[in-house]
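For reference, upload_12.tsv is printed below; it contains TSV, C-alpha atoms.
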chain	number	residue	atom	x	y	z
J	275	MET	CA	5.15	-23.25	-23.36
J	276	SER	CA	3.53	-20.14	-21.91
J	277	ILE	CA	3.57	-19.34	-18.18
J	278	LEU	CA	-0.17	-18.80	-18.56
J	279	ASP	CA	-0.57	-22.55	-19.15
J	280	ASN	CA	0.09	-23.05	-15.42
J	281	ILE	CA	-2.39	-20.42	-14.22
J	282	PRO	CA	-6.21	-20.71	-14.15
J	283	TYR	CA	-7.94	-18.95	-17.01
J	284	GLU	CA	-10.07	-17.04	-14.49
J	285	LEU	CA	-9.08	-16.23	-10.92
J	286	LYS	CA	-11.99	-16.40	-8.50
J	287	GLY	CA	-12.43	-15.52	-4.85
J	288	PRO	CA	-13.23	-12.54	-2.61
J	289	SER	CA	-10.19	-10.51	-3.72
J	290	ALA	CA	-11.21	-10.71	-7.41
J	291	TRP	CA	-13.81	-7.99	-6.99
J	292	LEU	CA	-15.27	-5.36	-9.29
J	293	GLY	CA	-15.33	-1.76	-8.12
J	294	VAL	CA	-18.94	-1.21	-9.17
J	295	ASP	CA	-19.94	-4.20	-7.05
J	296	LEU	CA	-17.78	-3.33	-4.05
J	297	GLN	CA	-19.18	0.20	-4.01
J	298	LYS	CA	-22.59	-1.33	-3.27
J	299	ARG	CA	-21.17	-3.52	-0.48
J	300	LYS	CA	-19.79	-0.85	1.84
J	301	LYS	CA	-20.73	-2.85	4.92
J	302	ASP	CA	-18.14	-5.44	3.83
J	303	TRP	CA	-15.22	-3.00	4.06
J	304	LEU	CA	-16.33	0.22	5.82
J	305	ILE	CA	-16.44	-0.37	9.58
J	306	PHE	CA	-17.59	2.31	12.03
J	307	LEU	CA	-15.74	2.31	15.34
J	308	THR	CA	-17.94	2.16	18.43
J	309	LYS	CA	-17.53	4.40	21.48
J	310	GLU	CA	-16.32	1.38	23.44
J	311	GLN	CA	-13.67	0.56	20.84
J	312	ILE	CA	-12.44	4.16	20.72
J	313	THR	CA	-12.20	4.26	24.52
J	314	GLU	CA	-10.23	1.01	24.52
J	315	LEU	CA	-7.79	2.43	21.98
J	316	GLU	CA	-7.36	5.65	23.96
J	317	VAL	CA	-6.74	3.81	27.25
J	318	ALA	CA	-4.12	1.60	25.56
J	319	ALA	CA	-2.41	4.65	24.06
J	320	LEU	CA	-2.27	6.50	27.37
J	321	HIS	CA	-0.80	3.39	28.97
J	322	TYR	CA	1.95	3.18	26.36
J	323	LEU	CA	2.73	6.90	26.54
J	324	SER	CA	3.17	6.53	30.30
J	325	LEU	CA	6.10	4.19	29.58
J	326	SER	CA	8.04	7.08	27.94
J	327	ARG	CA	9.24	4.97	25.01
J	328	ASP	CA	9.62	5.70	21.30
J	329	ILE	CA	6.38	4.98	19.47
J	330	GLY	CA	8.41	2.97	16.99
J	331	GLU	CA	9.08	0.37	19.70
J	332	ILE	CA	5.43	-0.33	20.46
J	333	THR	CA	4.32	-3.97	20.83
J	334	LYS	CA	0.86	-5.48	21.13
J	335	GLU	CA	1.66	-6.63	24.69
J	336	GLU	CA	2.32	-3.01	25.68
J	337	PHE	CA	-0.79	-1.84	23.83
J	338	PRO	CA	-3.49	-4.09	25.36
J	339	LEU	CA	-6.75	-4.38	23.43
J	340	PRO	CA	-8.67	-7.17	25.19
J	341	ASN	CA	-11.78	-6.77	23.02
J	342	PHE	CA	-10.81	-4.85	19.87
J	343	SER	CA	-7.91	-7.24	19.22
J	344	LYS	CA	-10.53	-9.79	18.10
J	345	HIS	CA	-11.61	-7.51	15.29
J	346	LEU	CA	-8.00	-6.85	14.31
J	347	SER	CA	-7.45	-10.59	14.07
J	348	SER	CA	-10.40	-10.89	11.67
J	349	LEU	CA	-9.07	-7.87	9.77
J	350	ALA	CA	-5.74	-9.60	9.17
J	351	ASN	CA	-7.62	-12.60	7.79
J	352	LYS	CA	-9.72	-10.33	5.55
J	353	LEU	CA	-6.59	-8.72	4.14
J	354	ILE	CA	-4.76	-11.99	3.43
J	355	HIS	CA	-7.65	-14.25	2.42
J	356	GLY	CA	-10.61	-11.92	1.81
J	357	LEU	CA	-11.34	-8.64	0.07
J	358	GLY	CA	-7.87	-7.26	0.75
J	359	VAL	CA	-9.18	-3.91	2.01
J	360	GLU	CA	-10.90	-2.39	5.04
J	361	VAL	CA	-11.53	1.11	6.34
J	362	LEU	CA	-12.08	1.88	10.04
J	363	ARG	CA	-14.04	5.11	10.43
J	364	GLY	CA	-14.67	7.42	13.36
J	365	LEU	CA	-11.42	7.90	15.27
J	366	PRO	CA	-11.72	11.44	16.71
J	367	VAL	CA	-8.27	12.64	15.62
J	368	ALA	CA	-9.26	16.30	15.96
J	369	ASN	CA	-9.24	15.75	19.74
J	370	TYR	CA	-5.75	14.21	19.76
J	371	SER	CA	-2.21	15.47	19.70
J	372	GLN	CA	-0.09	14.04	16.89
J	373	GLU	CA	1.64	11.88	19.50
J	374	MET	CA	-1.66	10.43	20.68
J	375	ALA	CA	-2.89	9.76	17.13
J	376	ALA	CA	0.43	8.16	16.18
J	377	THR	CA	0.40	5.95	19.28
J	378	ILE	CA	-3.09	4.64	18.52
J	379	PHE	CA	-2.19	4.06	14.87
J	380	CYS	CA	1.09	2.28	15.63
J	381	GLY	CA	-0.61	0.29	18.42
J	382	ILE	CA	-3.20	-1.00	15.97
J	383	GLY	CA	-0.39	-1.83	13.57
J	384	ALA	CA	1.45	-3.79	16.26
J	385	HIS	CA	-1.59	-6.05	16.68
J	386	LEU	CA	-1.65	-6.73	12.95
J	387	GLY	CA	2.03	-7.32	12.26
J	388	SER	CA	5.57	-6.00	12.23
J	389	ALA	CA	6.13	-2.37	11.17
J	390	ARG	CA	8.68	-1.89	8.37
J	391	SER	CA	10.95	0.99	7.38
J	392	GLN	CA	9.44	3.22	4.69
J	393	ASN	CA	12.55	5.08	3.60
J	394	SER	CA	16.34	5.15	3.87
J	395	GLU	CA	16.10	6.97	7.23
J	396	GLY	CA	14.33	4.02	8.90
J	397	HIS	CA	10.96	5.74	9.45
J	398	ILE	CA	8.32	3.19	10.41
J	399	LEU	CA	5.76	6.00	10.74
J	400	GLY	CA	5.46	7.73	7.38
J	401	HIS	CA	4.01	11.15	6.67
J	402	VAL	CA	2.07	11.48	3.43
J	403	ARG	CA	1.84	15.14	2.47
J	404	ASP	CA	2.88	17.55	-0.25
J	405	LEU	CA	6.40	18.85	0.28
J	406	GLY	CA	6.30	20.97	-2.87
J	407	LEU	CA	8.64	18.60	-4.71
J	408	ASP	CA	8.71	17.80	-8.42
J	409	SER	CA	7.09	14.42	-9.17
J	410	ASP	CA	9.19	14.11	-12.34
J	411	ASP	CA	12.42	14.24	-10.35
J	412	PRO	CA	13.73	10.62	-10.20
J	413	SER	CA	15.00	11.20	-6.65
J	414	VAL	CA	11.51	12.12	-5.37
J	415	ARG	CA	8.94	9.68	-3.99
J	416	ILE	CA	5.52	10.46	-5.49
J	417	TYR	CA	3.73	10.57	-2.10
J	418	GLN	CA	5.79	13.67	-1.26
J	419	THR	CA	3.97	15.63	-3.97
J	420	ARG	CA	0.38	16.63	-4.78
J	421	SER	CA	0.45	14.85	-8.15
J	422	ARG	CA	-1.61	11.80	-8.95
J	423	GLN	CA	0.32	8.72	-7.90
J	424	SER	CA	-1.01	6.16	-10.45
J	425	PHE	CA	-1.91	2.59	-9.46
J	426	HIS	CA	0.94	0.89	-7.61
J	427	THR	CA	1.99	-1.35	-4.73
J	428	ASP	CA	4.16	-0.50	-1.73
J	429	SER	CA	7.07	-2.59	-0.47
J	430	SER	CA	5.27	-4.45	2.30
J	431	ASP	CA	2.50	-6.97	2.84
J	432	VAL	CA	0.04	-4.30	3.99
J	433	VAL	CA	-0.08	-0.51	3.76
J	434	ALA	CA	-2.17	1.39	6.31
J	435	LEU	CA	-3.12	5.07	6.23
J	436	LEU	CA	-4.57	7.23	9.01
J	437	CYS	CA	-6.10	10.45	7.67
J	438	LEU	CA	-5.39	13.44	9.93
J	439	LYS	CA	-6.35	16.23	7.50
J	440	ASP	CA	-7.87	15.93	4.04
J	441	ALA	CA	-7.26	18.18	1.04
J	442	LYS	CA	-9.37	21.12	-0.08
J	443	GLU	CA	-10.09	19.30	-3.35
J	444	GLY	CA	-9.08	15.88	-4.67
J	445	GLY	CA	-6.73	13.43	-3.00
J	446	ASP	CA	-9.24	10.59	-3.37
J	447	SER	CA	-8.10	7.02	-2.77
J	448	LEU	CA	-8.52	4.51	-5.62
J	449	LEU	CA	-8.20	0.73	-5.30
J	450	VAL	CA	-8.32	-2.02	-7.91
J	451	SER	CA	-7.99	-5.81	-7.75
J	452	VAL	CA	-5.00	-7.19	-9.65
J	453	GLU	CA	-6.85	-10.49	-10.00
J	454	THR	CA	-9.64	-8.68	-11.83
J	455	ILE	CA	-7.08	-6.98	-14.07
J	456	TYR	CA	-5.55	-10.39	-14.79
J	457	ASN	CA	-8.97	-11.82	-15.68
J	458	GLU	CA	-9.67	-8.99	-18.11
J	459	MET	CA	-6.27	-9.23	-19.78
J	460	ARG	CA	-6.40	-13.03	-19.94
J	461	LYS	CA	-9.73	-12.80	-21.74
J	462	ASN	CA	-8.83	-9.96	-24.12
J	463	ARG	CA	-5.02	-9.75	-24.49
J	464	PRO	CA	-3.24	-12.86	-23.19
J	465	ASP	CA	-0.26	-12.02	-25.44
J	466	LEU	CA	0.34	-8.80	-23.51
J	467	LEU	CA	-0.47	-10.36	-20.15
J	468	GLU	CA	2.27	-12.95	-20.61
J	469	LEU	CA	4.92	-10.21	-20.94
J	470	LEU	CA	4.10	-8.89	-17.46
J	471	PHE	CA	5.46	-12.09	-15.89
J	472	GLU	CA	8.93	-11.19	-17.17
J	473	PRO	CA	11.47	-9.22	-15.07
J	474	ILE	CA	11.23	-5.46	-15.62
J	475	ALA	CA	13.50	-2.81	-14.08
J	476	THR	CA	11.94	-0.62	-11.35
J	477	ASP	CA	13.79	2.45	-10.01
J	478	ARG	CA	14.74	2.50	-6.31
J	479	ARG	CA	14.68	6.32	-6.40
J	480	GLY	CA	18.03	6.58	-4.64
J	481	GLU	CA	17.16	4.31	-1.69
J	482	ILE	CA	19.69	1.60	-2.42
J	483	PRO	CA	20.56	-1.24	0.01
J	484	PRO	CA	24.28	-2.06	0.37
J	485	GLY	CA	25.62	-4.03	-2.58
J	486	MET	CA	22.44	-3.68	-4.66
J	487	LYS	CA	21.76	-2.01	-8.00
J	488	PRO	CA	19.87	1.30	-8.14
J	489	TYR	CA	16.91	-0.58	-9.59
J	490	MET	CA	15.09	-3.90	-9.10
J	491	THR	CA	14.15	-6.53	-11.67
J	492	ILE	CA	10.96	-7.99	-10.22
J	493	PRO	CA	8.21	-9.02	-12.67
J	494	PRO	CA	5.02	-6.95	-12.27
J	495	LEU	CA	3.05	-10.20	-11.99
J	496	ASN	CA	4.23	-13.35	-10.24
J	497	TRP	CA	2.52	-16.76	-10.00
J	498	HIS	CA	3.87	-18.47	-6.88
J	499	CYS	CA	2.39	-21.15	-4.64
J	500	GLN	CA	-0.92	-20.94	-6.51
J	501	LYS	CA	-1.24	-17.20	-5.85
J	502	LEU	CA	-1.01	-14.20	-8.17
J	503	THR	CA	1.20	-11.59	-6.52
J	504	VAL	CA	1.72	-8.10	-7.92
J	505	PHE	CA	4.66	-5.68	-7.65
J	506	TYR	CA	4.04	-2.52	-9.65
J	507	GLN	CA	4.89	1.19	-9.88
J	508	ARG	CA	4.73	2.43	-13.47
J	509	GLN	CA	6.41	5.78	-12.82
J	510	TYR	CA	9.38	4.00	-11.28
J	511	ILE	CA	9.48	1.50	-14.15
J	512	ASN	CA	9.70	4.43	-16.54
J	513	SER	CA	12.40	6.25	-14.57
J	514	ALA	CA	14.52	3.08	-14.28
J	515	GLN	CA	15.25	3.45	-17.99
J	516	ARG	CA	17.66	6.26	-17.04
J	517	PHE	CA	20.17	3.57	-16.02
J	518	SER	CA	22.18	2.28	-18.96
J	519	SER	CA	22.56	-1.14	-17.33
J	520	ALA	CA	18.79	-1.62	-16.94
J	521	LYS	CA	17.11	-3.90	-19.45
J	522	ARG	CA	15.45	-1.82	-22.14
J	523	LEU	CA	11.66	-1.79	-22.38
J	524	THR	CA	10.67	-3.15	-25.77
J	525	PRO	CA	7.72	-1.68	-27.69
J	526	ALA	CA	5.80	-4.86	-26.80
J	527	HIS	CA	6.49	-4.41	-23.07
J	528	ILE	CA	5.41	-0.76	-23.22
J	529	LYS	CA	2.22	-1.83	-24.96
J	530	ALA	CA	1.61	-4.43	-22.24
J	531	LEU	CA	2.20	-1.90	-19.46
J	532	ASP	CA	-0.05	0.65	-21.17
J	533	TYR	CA	-2.81	-1.91	-21.52
J	534	PHE	CA	-2.42	-2.96	-17.86
J	535	ASP	CA	-2.78	0.69	-16.82
J	536	ARG	CA	-5.80	1.16	-19.07
J	537	VAL	CA	-7.58	-1.82	-17.54
J	538	ALA	CA	-6.69	-0.68	-14.00
J	539	ASN	CA	-8.25	2.72	-14.75
J	540	ASP	CA	-11.55	1.27	-15.96
J	541	PRO	CA	-14.19	3.00	-13.76
J	542	ASP	CA	-16.12	-0.27	-13.50
J	543	LEU	CA	-13.08	-2.05	-12.07
J	544	PHE	CA	-11.68	0.34	-9.46
J	545	ILE	CA	-13.33	1.72	-6.36
J	546	ARG	CA	-12.98	5.37	-5.31
J	547	MET	CA	-13.17	6.50	-1.70
J	548	ARG	CA	-12.59	9.79	0.05
J	549	LEU	CA	-10.74	9.27	3.32
J	550	LYS	CA	-12.03	11.55	6.05
J	551	PRO	CA	-10.07	12.69	9.11
J	552	GLY	CA	-10.11	9.73	11.50
J	553	ASP	CA	-10.35	7.08	8.75
J	554	ILE	CA	-7.83	4.25	8.82
J	555	GLN	CA	-7.46	2.40	5.51
J	556	PHE	CA	-5.76	-1.00	5.21
J	557	VAL	CA	-4.77	-2.41	1.80
J	558	TYR	CA	-3.17	-5.77	1.01
J	559	ASN	CA	-0.34	-5.05	-1.41
J	560	HIS	CA	-0.07	-8.54	-2.91
J	561	SER	CA	-3.57	-8.59	-4.43
J	562	GLN	CA	-4.51	-4.91	-4.71
J	563	LEU	CA	-3.17	-1.78	-6.40
J	564	HIS	CA	-3.79	1.60	-4.80
J	565	ASP	CA	-3.71	5.11	-6.18
J	566	ARG	CA	-4.38	8.68	-5.11
J	567	THR	CA	-5.75	11.42	-7.30
J	568	GLY	CA	-4.00	14.78	-7.49
J	569	PHE	CA	-5.20	17.40	-5.05
J	570	LEU	CA	-5.50	21.08	-4.26
J	571	ASP	CA	-4.40	21.83	-0.72
J	572	TRP	CA	-5.44	24.44	1.82
J	573	GLU	CA	-3.42	27.65	2.15
J	574	LYS	CA	-2.80	27.52	5.91
J	575	GLN	CA	-0.05	25.12	6.94
J	576	ASP	CA	-2.06	23.70	9.85
J	577	ASP	CA	-4.93	22.78	7.51
J	578	LYS	CA	-2.92	21.00	4.82
J	579	ARG	CA	-3.56	17.38	3.83
J	580	HIS	CA	-1.67	15.00	6.12
J	581	LEU	CA	-1.83	11.24	6.56
J	582	PHE	CA	0.19	8.84	8.71
J	583	ARG	CA	1.35	5.67	6.97
J	584	LEU	CA	2.44	2.23	8.15
J	585	TRP	CA	3.98	-0.62	6.19
J	586	LEU	CA	3.28	-3.94	7.88
J	587	SER	CA	4.51	-7.53	7.59
J	588	LEU	CA	1.86	-10.04	8.65
J	589	ALA	CA	2.18	-13.48	10.23
J	590	ASN	CA	0.58	-16.45	8.42
J	591	ASP	CA	0.83	-14.60	5.10
J	592	ARG	CA	1.45	-16.07	1.64
J	593	PRO	CA	4.96	-17.10	0.55
J	594	LEU	CA	6.68	-14.71	-1.86
J	595	PRO	CA	8.97	-15.63	-4.78
J	596	ARG	CA	12.72	-15.27	-4.31
J	597	CYS	CA	12.90	-12.26	-6.63
J	598	PHE	CA	11.15	-10.19	-3.93
J	599	LYS	CA	14.32	-10.36	-1.84
J	600	GLN	CA	15.63	-7.56	-4.08
J	601	ARG	CA	13.10	-5.23	-2.48
J	602	TYR	CA	12.01	-6.93	0.72
J	603	GLY	CA	15.49	-7.98	1.87
J	604	SER	CA	14.03	-11.02	3.59
J	605	ILE	CA	11.05	-12.98	2.33
J	606	THR	CA	10.54	-14.66	5.72
J	607	ILE	CA	6.83	-14.50	6.51
J	608	GLY	CA	6.16	-12.02	9.31
J	609	ASP	CA	9.58	-10.38	8.98
J	610	ARG	CA	9.86	-8.98	5.48
J	611	GLY	CA	9.51	-5.79	3.50
J	612	GLY	CA	10.47	-2.18	3.90
J	613	ILE	CA	13.44	-0.14	2.75
J	614	ILE	CA	16.73	-0.81	4.50
J	615	THR	CA	19.96	0.95	3.54
J	616	GLY	CA	23.29	1.28	5.31
J	617	ARG	CA	22.10	4.24	7.39
J	618	SER	CA	18.62	3.01	8.35
J	619	LYS	CA	17.72	3.15	12.07
J	620	LEU	CA	14.13	2.28	12.88
J	621	HIS	CA	12.10	5.00	14.62
J	622	ALA	CA	8.76	6.81	14.40
J	623	PRO	CA	9.16	10.57	13.76
J	624	LEU	CA	6.17	12.74	14.68
J	625	ASP	CA	6.93	15.44	12.11
Whole structure given in structure tokens:
Amino acid sequence: MSILDNIPYELKGPSAWLGVDLQKRKKDWLIFLTKEQITELEVAALHYLSLSRDIGEITKEEFPLPNFSKHLSSLANKLIHGLGVEVLRGLPVANYSQEMAATIFCGIGAHLGSARSQNSEGHILGHVRDLGLDSDDPSVRIYQTRSRQSFHTDSSDVVALLCLKDAKEGGDSLLVSVETIYNEMRKNRPDLLELLFEPIATDRRGEIPPGMKPYMTIPPLNWHCQKLTVFYQRQYINSAQRFSSAKRLTPAHIKALDYFDRVANDPDLFIRMRLKPGDIQFVYNHSQLHDRTGFLDWEKQDDKRHLFRLWLSLANDRPLPRCFKQRYGSITIGDRGGIITGRSKLHAPLD
């Protein structure tokens, strides 16, 4: 009996979108902030900064948004039950210090959910920029380079990005629906699709929780509680093969992964967007894959591409299968995800 026998032949709903269609429906996911909303965010940030606390400790009670909180509530619902993506445009980050921008970003995040650690140091505020590192080095996280990332998920319910500076060329954001990929593979190559529901080793890239292996064995695709949930990072799947104890990828599995990548990179399926300074992008990791094209940066250090990043755990979210505990630690809804090692201490560094 195939696992596909228990899954609908075609997955339908708002998160099973086509890129060519979504590109024509920008009003559904691109939201322009009003002057009143921006003022409300700035007032809340100045209030929190007056408390002289670490930005990593911010709560929605200490970041009051009496009106804009209503939109953030609808945003959470859109991420979990709707399209799975939204971009807020128009935050005037050029007028802010990094501390001010980070406070607004983390304050918005606090209204959506619980911020999670993004690395072994316990950073809940991540910095996405090129550090001049080698993307082929298995100890390097791809976001620390200027190389293309490839379609993947992060280790949280939601990933949010605030663009502070964009690149000179490239660095475009790409998104694709995993439900749409499933539909295409189910129709054309169900034999390969079935293999993606089997456990496959994924490299932790040196960020290893106490007592755990240096890799995870979470299937790329999981059918749980009538939901298709994805966990995928092809580069880390490839680099996990460096561990002799990791299950070997068979030629059939490699063919399945290659086909999955080929479908994800179909221009009709994915949507491309260029994040501008002041854009805040939210992506639901369980139903979407995201990617970033390679980029050419500016020469001056102050001009170089720089984005803040948040990983968030949302209340009232979908249940996750037990295998996600390998990466998420806890699978308790509203308190799961992130990278926790023996030395992790949660905080929000500004540089």
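Each of J:Asp431, J:Asp535, J:Asp542, J:Glu573 was compared to Leu586 in chain J using all atoms listed in the file, and J:Asp431 turns out to be the nearest.
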With all atoms listed in the file as the counted atoms, please give the residues lying no more than 7 Å from Ser429 in chain J, apart from itself and same-chain residues fewer than 4 positions off, as a PyMOL selection string.
chain J and resi 601-602+611-612
Export, as a PDB file, in the frame of the given file, the selected residues with C-alpha atoms.
ATOM      1  CA  ARG J 601      13.100  -5.230  -2.480  1.00  0.00           C
ATOM      2  CA  TYR J 602      12.010  -6.930   0.720  1.00  0.00           C
ATOM      3  CA  GLY J 611       9.510  -5.790   3.500  1.00  0.00           C
ATOM      4  CA  GLY J 612      10.470  -2.180   3.900  1.00  0.00           C
TER       5      GLY J 612
END
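For the pair CA of Gln311 in chain J and CA of Asn559 in chain J, the separation is 26.5 Å.
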Contacts of Asp540 in chain J at 12 Å (only C-alpha atoms; same-chain gap of 2+ positions) as an MDAnalysis selection string:
chainID J and resid 292:294 425 448:451 454:455 458 533:538 542:546
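Distance annotation: of J:Asp609, J:Asp625, J:Asp295, J:Asp532, the residue with the minimal separation from Arg390 in chain J is J:Asp609; atom set is all atoms listed in the file.
Point (0.7, 14.4, 6.0) has the following residues at most 9 Å away: Gly400, His401, Val402, Arg403, Asp404, Gln418, Cys437, Leu438, Lys439, Asp440, Lys578, Arg579, His580, Leu581, Phe582, Arg583 and Asp625 of chain J (atoms considered: only C-alpha atoms).
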Give me the residues within 7 Å of Gly381 in chain J as a list in words, counting all atoms listed in the file and dropping any in the same chain fewer than 5 places off.
Ile332, Thr333, Lys334 and Phe337 of chain J
Quick one: residues within 7 Å of Ala350 in chain J, all atoms listed in the file counted, chain neighbours fewer than 4 positions away excluded, as a PDB file with C-alpha atoms, keeping the file's coordinate frame?
ATOM      1  CA  LEU J 346      -8.000  -6.850  14.310  1.00  0.00           C
ATOM      2  CA  ILE J 354      -4.760 -11.990   3.430  1.00  0.00           C
ATOM      3  CA  LEU J 386      -1.650  -6.730  12.950  1.00  0.00           C
TER       4      LEU J 386
END
State, in Å with one decimal place, the distance from CA of Pro338 in chain J to CA of Lys550 in chain J.
26.3 Å
